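To start, the structure itself, in structure tokens.
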Amino acid sequence: MSGNAALWNTLWGEWIIEELIRCGLKLFCISPGSRSTPLTVAAARHPEAQINLIYDERAAAYYALGYSRGSETPGVLICTSGTAAANYLPAIVEASVEQIPMIVLTADRPPELQQTGANQSINQNQLFGSHVRWFFDPGCPGPELPASTLFSCIDQAVHLARYPLPGPVHLNLPFREPFLLPKNQKPEEFIHDPDLQNWKAEKKPWISHPLPKISADAKLLENFAKNLPEQGILSIGRIPPTSISTVKKLANDLAWPVFADIASGLRLGPEFPNRISYYDQLLIDSDFLKSHPPQKVIHLGFAPTSKRWLGEMEKLPADTLVWIKEGSSRLDPTNRFRSVFETSVEDFCSEMISKLKKRKKSEWTIHWLDQSNKIEKLMEQFVTNHPLFSEMKLVRTLTKIIPESHALFLGNSLPVREVDFYGSGNGSEVKVGLNRGASGIDGLVASSAGYSKGLNQPLTLLLGDLSLLHDLNSLKLISESPKPIVLIVLNNHGGGIFSFLPISEHKDIFETYFSTPHSLEFKDAAKMFKLPYFHPESPEEFESIYLKQASADKSCIIEVNTLKEDNIRVQKEWTEFLHQNR
């Protein structure tokens, strides 16, 4: 029995890894453990597998998430049994909501050790519940399951991670001891299976699984394009990066004002036609949209970050709202959109471009652009003249000077909102990554490192102090990143975003239970992970340090101290300045 277990464990490990690689998957994020030995050894010995050894399973899962987001290819997770697998849950939740494909391989104890009190044994059946697209446990390796059936399971897992709704897939794999044959034994010598021999010779996946295409009814789209009014808004959430050039062309041909969310990758940079960079600031005046009501709103992709814009959508007539989404999930938190096209964003835009009559920029669009440009000038004046080195000033500076070679990853809570609200439209157009599905502050450092790996680009990471504390051990991933990462931490010594919420008025409980004050700084953490550390105290010093480090070949930490009270004060002063000068 033990000899057979070693044989079949070795074979299954090799077959699974080989089939995943044949399906185009390359990155394997492995966390050390004994029960997963057959998978780890097979991946480590495969010449085409890229291995990232990540001790902490939670960080490994977020790294794979970031990689999958950047590369648009599923990352593969491998871990041992027990709580190791459970630590994957937060990143799996994020991947599920954000529709990011991942393959999760968890090793498990065999049936005879389940529910016996055996060490490191938990119930891993459907461990991640509804957050995965598919769960399957093929049982312990053995001759009962033909090789073709195992290949079919792997191919199905990869396919379901991509279609019909991209997301994580979980395969649970129980292994009996001993886990491997001795190194000098070749397991194939024991197997005589014609299907296996054919598979080995072909060097391609067992199943060919081209992705189907979902497209909207052509006649319906033609009627839709013909009846588009002059006064509309093109709203853009997170969209596939491959669709960006087509979306730009539609924006130009449509000649409507464009609200480009920070997650779209189109909010920064000067080359986007008709973009209203400061639509959120325009909507501070609740009467502005009432006096400029759109006759149609087309929204592309995921929901926008701006709570203010979502709130205004809720007030618009429902029959003017149209959502274009790529999957079958419900993405409309307003519950107001009565027209939904489930189709590729790129295909929709291409169809619209082919059917639209040539449009001139209307007075409606020109007025929106004039108002946004006015806010740009006012904001520049306000930020330049304000004496404080505030987060608003840092964000304006960063978005003007970030190099084209860098990607940008944003933390949740304040950083993503501040870049969306205040980011300059006159800097570089850069790829933007963020975990806005479940919007947690955990795993952001690991996600950014994975995103840099997936893009194969240097990266700037902007996040808050609590986010960094949540994921401190992932500084190892930053320090070992193949491409340098500049980590900018905004340290306002607590949960800065809560200061903007109504709970801040409850002084008896706010400071202790919501503001979560601390006196920690990150110099020693940088030293621990051998990362250069900088602590600028002025905008000029920050700009000088950042530009130098952004062109360096080593990751670093730049810590900027701010005060929560100053952030609130600057925001209030800006709002008053805006009201007085518009």
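By order in the structure tokens, chains are A, B, ...; within a chain, residues start at 1; ligands start at 1, following the order shown.
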Contact residues around segment 365-369 of chain A with only C-alpha atoms at 12 Å, ignoring same-chain residues under 3 positions, as an MDAnalysis selection string: chainID A and resid 230:234 251:252 254:259 273:279 281:283 288:289 291:294 359:362 372:376
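Here the DSSP assignment of strand (DSSP E or B), based on backbone atoms, applies within segment 181-319 of chain A to Gly232, Ile233, Leu234, Ser235, Ile236, Val258, Phe259, Ala260, Arg275, Lys296, Val297, Ile298, His299 and Leu300 of chain A.
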Near-Asp332 of chain A list (9 Å; only C-alpha atoms; drop same-chain fewer than 4 positions) as a PyMOL selection string: chain A and resi 302-303+323+336-337
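Restricting the calculation to only C-alpha atoms, the smallest distance between Phe534 of chain A and any of A:Asp137, A:Glu559, A:Glu391, A:Asp195 is found for A:Glu559.
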Report the closest atom pair, with its distance in Å rounded to one decimal, for each residue of segment 78-175 of chain A that has an atom no farther than 10 Å from segment 53-58 of chain A; count only C-alpha atoms, sort by chain and then rising residue number, and write it as CSV.
```
residue,atom,partner,partner_atom,distance
A:Ile78,CA,A:Glu57,CA,9.0
A:Cys79,CA,A:Glu57,CA,7.4
A:Thr80,CA,A:Glu57,CA,9.6
A:Thr83,CA,A:Glu57,CA,9.1
A:Ala84,CA,A:Glu57,CA,6.0
A:Ala85,CA,A:Glu57,CA,7.3
A:Ala86,CA,A:Glu57,CA,8.5
A:Asn87,CA,A:Arg58,CA,4.9
A:Tyr88,CA,A:Arg58,CA,5.1
A:Leu89,CA,A:Arg58,CA,7.7
A:Pro90,CA,A:Arg58,CA,7.4
A:Ala91,CA,A:Arg58,CA,7.2
A:Ile92,CA,A:Arg58,CA,9.7
```
Take the residues that were just selected and, keeping N, CA and C atoms, output them as a short mmCIF file (atom, residue, chain, number, x, y, z; two decimals), in the first residue's frame.
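The resulting out00.cif:
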```cif
data_model
loop_
_atom_site.label_atom_id
_atom_site.label_comp_id
_atom_site.auth_asym_id
_atom_site.auth_seq_id
_atom_site.Cartn_x
_atom_site.Cartn_y
_atom_site.Cartn_z
N ILE A 78 -0.45 26.78 -3.95
CA ILE A 78 -0.22 25.42 -3.42
C ILE A 78 0.08 25.53 -1.94
N CYS A 79 -0.68 24.80 -1.13
CA CYS A 79 -0.40 24.79 0.31
C CYS A 79 -0.73 23.44 0.91
N THR A 80 -0.32 23.26 2.15
CA THR A 80 -0.61 22.06 2.91
C THR A 80 -2.01 22.14 3.51
N THR A 83 -5.19 24.97 8.70
CA THR A 83 -5.38 26.42 8.66
C THR A 83 -4.57 27.08 7.57
N ALA A 84 -3.55 26.39 7.06
CA ALA A 84 -2.81 26.93 5.91
C ALA A 84 -3.78 27.26 4.79
N ALA A 85 -4.67 26.33 4.48
CA ALA A 85 -5.66 26.55 3.42
C ALA A 85 -6.64 27.65 3.81
N ALA A 86 -7.06 27.67 5.08
CA ALA A 86 -8.05 28.66 5.52
C ALA A 86 -7.53 30.08 5.37
N ASN A 87 -6.21 30.26 5.45
CA ASN A 87 -5.62 31.59 5.31
C ASN A 87 -5.77 32.18 3.91
N TYR A 88 -6.14 31.36 2.94
CA TYR A 88 -6.37 31.86 1.58
C TYR A 88 -7.67 32.65 1.46
N LEU A 89 -8.58 32.50 2.41
CA LEU A 89 -9.94 32.99 2.24
C LEU A 89 -10.05 34.47 1.89
N PRO A 90 -9.38 35.41 2.60
CA PRO A 90 -9.59 36.83 2.27
C PRO A 90 -9.29 37.16 0.81
N ALA A 91 -8.18 36.64 0.29
CA ALA A 91 -7.83 36.94 -1.10
C ALA A 91 -8.79 36.26 -2.08
N ILE A 92 -9.27 35.07 -1.71
CA ILE A 92 -10.25 34.37 -2.56
C ILE A 92 -11.55 35.17 -2.63
#
```
